[in-house]
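*Asks:* Data file start_33.pdb (PDB, C-alpha atoms) is appended below.
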```
ATOM      1  CA  MET A 280     -13.039  16.858  -6.684  1.00  0.00           C
ATOM      2  CA  ASP A 281     -12.719  13.349  -5.368  1.00  0.00           C
ATOM      3  CA  LYS A 282      -9.425  12.400  -3.821  1.00  0.00           C
ATOM      4  CA  PRO A 283      -7.758   9.199  -5.064  1.00  0.00           C
ATOM      5  CA  THR A 284      -8.186   6.276  -2.673  1.00  0.00           C
ATOM      6  CA  ILE A 285      -5.212   4.542  -1.102  1.00  0.00           C
ATOM      7  CA  LEU A 286      -5.618   1.216   0.694  1.00  0.00           C
ATOM      8  CA  ALA A 287      -3.124   0.601   3.488  1.00  0.00           C
ATOM      9  CA  VAL A 288      -2.874  -3.009   4.667  1.00  0.00           C
ATOM     10  CA  ASP A 289      -1.111  -3.341   7.999  1.00  0.00           C
ATOM     11  CA  ASP A 290      -1.931  -5.403  11.078  1.00  0.00           C
ATOM     12  CA  SER A 291      -0.720  -2.605  13.379  1.00  0.00           C
ATOM     13  CA  LYS A 292      -3.426  -0.114  14.414  1.00  0.00           C
ATOM     14  CA  ILE A 293      -0.670   2.387  15.246  1.00  0.00           C
ATOM     15  CA  MET A 294       0.797   2.081  11.749  1.00  0.00           C
ATOM     16  CA  GLN A 295      -2.663   2.371  10.176  1.00  0.00           C
ATOM     17  CA  HIS A 296      -3.158   5.599  12.130  1.00  0.00           C
ATOM     18  CA  GLU A 297       0.270   6.952  11.103  1.00  0.00           C
ATOM     19  CA  ILE A 298      -0.364   6.215   7.416  1.00  0.00           C
ATOM     20  CA  LYS A 299      -3.816   7.797   7.589  1.00  0.00           C
ATOM     21  CA  ARG A 300      -2.423  10.888   9.286  1.00  0.00           C
ATOM     22  CA  ALA A 301       0.364  11.202   6.714  1.00  0.00           C
ATOM     23  CA  LEU A 302      -1.906  10.875   3.697  1.00  0.00           C
ATOM     24  CA  GLU A 303      -5.400  12.047   4.620  1.00  0.00           C
ATOM     25  CA  ASN A 304      -4.922  15.628   3.372  1.00  0.00           C
ATOM     26  CA  THR A 305      -4.145  14.399  -0.130  1.00  0.00           C
ATOM     27  CA  TYR A 306      -5.853  11.020  -0.367  1.00  0.00           C
ATOM     28  CA  ASN A 307      -8.889   9.128   0.794  1.00  0.00           C
ATOM     29  CA  VAL A 308      -7.249   6.458   2.974  1.00  0.00           C
ATOM     30  CA  LEU A 309      -8.818   3.084   3.684  1.00  0.00           C
ATOM     31  CA  VAL A 310      -7.213   0.550   6.001  1.00  0.00           C
ATOM     32  CA  ALA A 311      -7.372  -3.214   6.340  1.00  0.00           C
ATOM     33  CA  ASP A 312      -5.487  -5.379   8.808  1.00  0.00           C
ATOM     34  CA  ASN A 313      -5.411  -8.617   6.811  1.00  0.00           C
ATOM     35  CA  ALA A 314      -5.308  -9.944   3.264  1.00  0.00           C
ATOM     36  CA  VAL A 315      -8.925 -11.149   3.143  1.00  0.00           C
ATOM     37  CA  ASP A 316     -10.313  -7.740   4.098  1.00  0.00           C
ATOM     38  CA  ALA A 317      -7.880  -6.053   1.706  1.00  0.00           C
ATOM     39  CA  LEU A 318      -9.052  -8.176  -1.238  1.00  0.00           C
ATOM     40  CA  SER A 319     -12.662  -7.433  -0.351  1.00  0.00           C
ATOM     41  CA  VAL A 320     -11.916  -3.689  -0.403  1.00  0.00           C
ATOM     42  CA  ILE A 321     -10.084  -3.733  -3.744  1.00  0.00           C
ATOM     43  CA  TYR A 322     -12.931  -5.667  -5.350  1.00  0.00           C
ATOM     44  CA  HIS A 323     -15.560  -3.213  -4.099  1.00  0.00           C
ATOM     45  CA  GLN A 324     -13.745   0.132  -4.259  1.00  0.00           C
ATOM     46  CA  THR A 325     -11.681   1.889  -6.870  1.00  0.00           C
ATOM     47  CA  ILE A 326      -8.174   1.943  -5.416  1.00  0.00           C
ATOM     48  CA  SER A 327      -5.427   4.165  -6.829  1.00  0.00           C
ATOM     49  CA  ALA A 328      -2.596   2.511  -4.886  1.00  0.00           C
ATOM     50  CA  LEU A 329      -2.020  -0.258  -2.378  1.00  0.00           C
ATOM     51  CA  LEU A 330       0.340   0.031   0.607  1.00  0.00           C
ATOM     52  CA  LEU A 331       1.317  -3.357   1.995  1.00  0.00           C
ATOM     53  CA  ASP A 332       3.097  -4.437   5.147  1.00  0.00           C
ATOM     54  CA  VAL A 333       5.113  -7.609   4.590  1.00  0.00           C
ATOM     55  CA  SER A 334       4.835  -9.113   8.074  1.00  0.00           C
ATOM     56  CA  MET A 335       1.223  -9.951   8.808  1.00  0.00           C
ATOM     57  CA  PRO A 336      -0.404 -13.001  10.364  1.00  0.00           C
ATOM     58  CA  GLY A 337      -1.937 -15.459   7.921  1.00  0.00           C
ATOM     59  CA  VAL A 338      -1.316 -14.290   4.375  1.00  0.00           C
ATOM     60  CA  ASP A 339       1.696 -11.955   4.386  1.00  0.00           C
ATOM     61  CA  GLY A 340       2.166  -8.870   2.224  1.00  0.00           C
ATOM     62  CA  LEU A 341       4.299 -10.662  -0.359  1.00  0.00           C
ATOM     63  CA  GLU A 342       1.662 -13.336  -0.890  1.00  0.00           C
ATOM     64  CA  LEU A 343      -1.075 -10.699  -1.087  1.00  0.00           C
ATOM     65  CA  CYS A 344       1.018  -8.744  -3.585  1.00  0.00           C
ATOM     66  CA  ARG A 345       1.398 -11.843  -5.782  1.00  0.00           C
ATOM     67  CA  THR A 346      -2.334 -12.557  -5.525  1.00  0.00           C
ATOM     68  CA  VAL A 347      -3.294  -9.019  -6.563  1.00  0.00           C
ATOM     69  CA  ARG A 348      -0.762  -9.052  -9.424  1.00  0.00           C
ATOM     70  CA  ASN A 349      -2.333 -12.248 -10.762  1.00  0.00           C
ATOM     71  CA  LEU A 350      -5.718 -10.563 -11.151  1.00  0.00           C
ATOM     72  CA  PRO A 351      -5.917  -9.035 -14.655  1.00  0.00           C
ATOM     73  CA  GLN A 352      -7.770  -5.902 -13.539  1.00  0.00           C
ATOM     74  CA  PHE A 353      -4.979  -5.045 -11.070  1.00  0.00           C
ATOM     75  CA  GLN A 354      -1.937  -5.609 -13.299  1.00  0.00           C
ATOM     76  CA  ASN A 355      -1.137  -1.877 -13.292  1.00  0.00           C
ATOM     77  CA  LEU A 356      -2.171  -1.029  -9.735  1.00  0.00           C
ATOM     78  CA  PRO A 357       0.758   0.628  -7.928  1.00  0.00           C
ATOM     79  CA  ILE A 358       1.711  -1.595  -4.989  1.00  0.00           C
ATOM     80  CA  ILE A 359       4.058  -0.081  -2.433  1.00  0.00           C
ATOM     81  CA  MET A 360       5.546  -2.350   0.198  1.00  0.00           C
ATOM     82  CA  LEU A 361       5.806  -0.436   3.481  1.00  0.00           C
ATOM     83  CA  THR A 362       7.629  -2.654   5.921  1.00  0.00           C
ATOM     84  CA  ALA A 363      10.184  -2.849   8.698  1.00  0.00           C
ATOM     85  CA  ARG A 364      12.103  -5.461   6.683  1.00  0.00           C
ATOM     86  CA  ASP A 365      14.888  -3.518   5.018  1.00  0.00           C
ATOM     87  CA  GLY A 366      17.371  -6.160   3.884  1.00  0.00           C
ATOM     88  CA  ALA A 367      18.429  -6.405   0.240  1.00  0.00           C
ATOM     89  CA  PHE A 368      16.897  -9.888   0.077  1.00  0.00           C
ATOM     90  CA  ASP A 369      13.563  -8.522   1.356  1.00  0.00           C
ATOM     91  CA  LYS A 370      13.578  -5.826  -1.325  1.00  0.00           C
ATOM     92  CA  VAL A 371      14.298  -8.385  -4.039  1.00  0.00           C
ATOM     93  CA  GLN A 372      11.453 -10.556  -2.723  1.00  0.00           C
ATOM     94  CA  GLY A 373       9.162  -7.527  -2.821  1.00  0.00           C
ATOM     95  CA  ARG A 374      10.070  -6.807  -6.439  1.00  0.00           C
ATOM     96  CA  LEU A 375       9.664 -10.453  -7.417  1.00  0.00           C
ATOM     97  CA  ALA A 376       6.221 -10.503  -5.800  1.00  0.00           C
ATOM     98  CA  GLY A 377       5.252  -7.584  -8.037  1.00  0.00           C
ATOM     99  CA  ALA A 378       5.752  -4.547  -5.798  1.00  0.00           C
ATOM    100  CA  THR A 379       6.083  -1.273  -7.679  1.00  0.00           C
ATOM    101  CA  GLU A 380       8.077   0.348  -4.874  1.00  0.00           C
ATOM    102  CA  TYR A 381       9.596  -0.686  -1.531  1.00  0.00           C
ATOM    103  CA  LEU A 382       9.722   1.633   1.479  1.00  0.00           C
ATOM    104  CA  THR A 383      10.868   0.856   4.988  1.00  0.00           C
ATOM    105  CA  LYS A 384       9.402   1.768   8.368  1.00  0.00           C
ATOM    106  CA  PRO A 385       9.605   3.986  10.180  1.00  0.00           C
ATOM    107  CA  PHE A 386       8.667   5.971   7.112  1.00  0.00           C
ATOM    108  CA  ASN A 387       9.225   9.626   6.351  1.00  0.00           C
ATOM    109  CA  GLN A 388       5.884  11.294   5.623  1.00  0.00           C
ATOM    110  CA  GLU A 389       7.225  13.420   2.750  1.00  0.00           C
ATOM    111  CA  THR A 390       8.928  10.414   1.156  1.00  0.00           C
ATOM    112  CA  LEU A 391       5.738   8.367   1.348  1.00  0.00           C
ATOM    113  CA  ILE A 392       3.669  11.155  -0.226  1.00  0.00           C
ATOM    114  CA  GLN A 393       6.298  11.668  -2.930  1.00  0.00           C
ATOM    115  CA  VAL A 394       6.466   7.973  -3.813  1.00  0.00           C
ATOM    116  CA  ILE A 395       2.678   7.692  -4.009  1.00  0.00           C
ATOM    117  CA  SER A 396       2.440  10.869  -6.109  1.00  0.00           C
ATOM    118  CA  ASN A 397       4.850   9.281  -8.611  1.00  0.00           C
ATOM    119  CA  PHE A 398       2.120   6.736  -9.381  1.00  0.00           C
ATOM    120  CA  VAL A 399      -1.142   8.454  -8.465  1.00  0.00           C
ATOM    121  CA  THR A 400      -2.418  11.624 -10.063  1.00  0.00           C
ATOM    122  CA  THR A 401      -4.243  13.897  -7.666  1.00  0.00           C
ATOM    123  CA  PRO A 402      -6.850  16.336  -8.962  1.00  0.00           C
ATOM    124  CA  GLN A 403      -5.634  19.924  -9.007  1.00  0.00           C
ATOM    125  CA  SER A 404      -7.733  22.195  -6.840  1.00  0.00           C
TER
END
```
If you convert what's in this file into structure tokens, what do you get?

*Replies:*
Amino acid sequence: MDKPTILAVDDSKIMQHEIKRALENTYNVLVADNAVDALSVIYHQTISALLLDVSMPGVDGLELCRTVRNLPQFQNLPIIMLTARDGAFDKVQGRLAGATEYLTKPFNQETLIQVISNFVTTPQS
């Protein structure tokens, strides 16, 4: 059985590693450290969910979220903001940009897996 693929977009190699470690038993995890690479991946791979950091150089996670939401084939793609920004205003901005869910760093591994599993069906072994 193929595992669903999650794309994590974060400019921190440490965070990419943490996300991979948290999810690799359940999901196939791809990482990108910028919006351009992320868009390239989602065009060429079937992605079950997108994890986005808000604070990135160049195009930030909110802008990337809006861009992805404007593409018809990704209207229903679960987009989970995973960011250190935890203010109410940040969460509202995330929702307005089209985020399905908003989690803050440092993240709890079980919470992250639970949130993703709310949107992504994993094959039963």

*Asks:* Under the rule that all atoms listed in the file are counted, which of A:Ile285, A:Ala378, A:Leu341, A:Ala317 is the nearest residue to Leu329 (chain A)?

*Replies:*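 Among the listed residues, the smallest separation from Leu329 (chain A) belongs to A:Ile285.
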
*Asks:* Could you state which residues are captured by the PyMOL selection byres ((chain A and resi 399) around 8) in this file, as a list in words?

*Replies:*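 Given this file, the PyMOL selection byres ((chain A and resi 399) around 8) evaluates to Pro283, Ser327, Ala328, Ile395, Ser396, Asn397, Phe398, Thr400 and Thr401 of chain A.
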
*Asks:* Could you expand the PyMOL selection byres ((chain A and resi 353) around 12) into the explicit residues it covers here, written as a CSV table (one decimal) with C-alpha atoms, in the frame of the given file?

*Replies:*
```
chain,number,residue,atom,x,y,z
A,318,LEU,CA,-9.1,-8.2,-1.2
A,321,ILE,CA,-10.1,-3.7,-3.7
A,322,TYR,CA,-12.9,-5.7,-5.4
A,325,THR,CA,-11.7,1.9,-6.9
A,326,ILE,CA,-8.2,1.9,-5.4
A,327,SER,CA,-5.4,4.2,-6.8
A,328,ALA,CA,-2.6,2.5,-4.9
A,329,LEU,CA,-2.0,-0.3,-2.4
A,344,CYS,CA,1.0,-8.7,-3.6
A,345,ARG,CA,1.4,-11.8,-5.8
A,346,THR,CA,-2.3,-12.6,-5.5
A,347,VAL,CA,-3.3,-9.0,-6.6
A,348,ARG,CA,-0.8,-9.1,-9.4
A,349,ASN,CA,-2.3,-12.2,-10.8
A,350,LEU,CA,-5.7,-10.6,-11.2
A,351,PRO,CA,-5.9,-9.0,-14.7
A,352,GLN,CA,-7.8,-5.9,-13.5
A,354,GLN,CA,-1.9,-5.6,-13.3
A,355,ASN,CA,-1.1,-1.9,-13.3
A,356,LEU,CA,-2.2,-1.0,-9.7
A,357,PRO,CA,0.8,0.6,-7.9
A,358,ILE,CA,1.7,-1.6,-5.0
A,377,GLY,CA,5.3,-7.6,-8.0
A,378,ALA,CA,5.8,-4.5,-5.8
```

*Asks:* What would the selection look like, as a list in words, if the PyMOL selection byres ((chain A and resi 310) around 7) were run on the coordinates I just shared?

*Replies:* Leu286, Ala287, Val288, Gln295, Val308, Leu309, Ala311 and Asp312 of chain A

*Asks:* Which one is closest to Leu391 (chain A): A:Ile359, A:Arg364, A:Gly373, A:Gly340? Count all atoms listed in the file.

*Replies:* A:Ile359

*Asks:* Counting all atoms listed in the file, which residue out of A:Asp369, A:Asp316, A:Asp281, A:Glu303 sits closest to Gln388 (chain A)?

*Replies:*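 The closest residue to Gln388 (chain A) is A:Glu303.
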
*Asks:* What separation in Å, quoted to one decimal, exists between CA of Glu380 (chain A) and CA of Lys299 (chain A)?

*Replies:* 18.8 Å
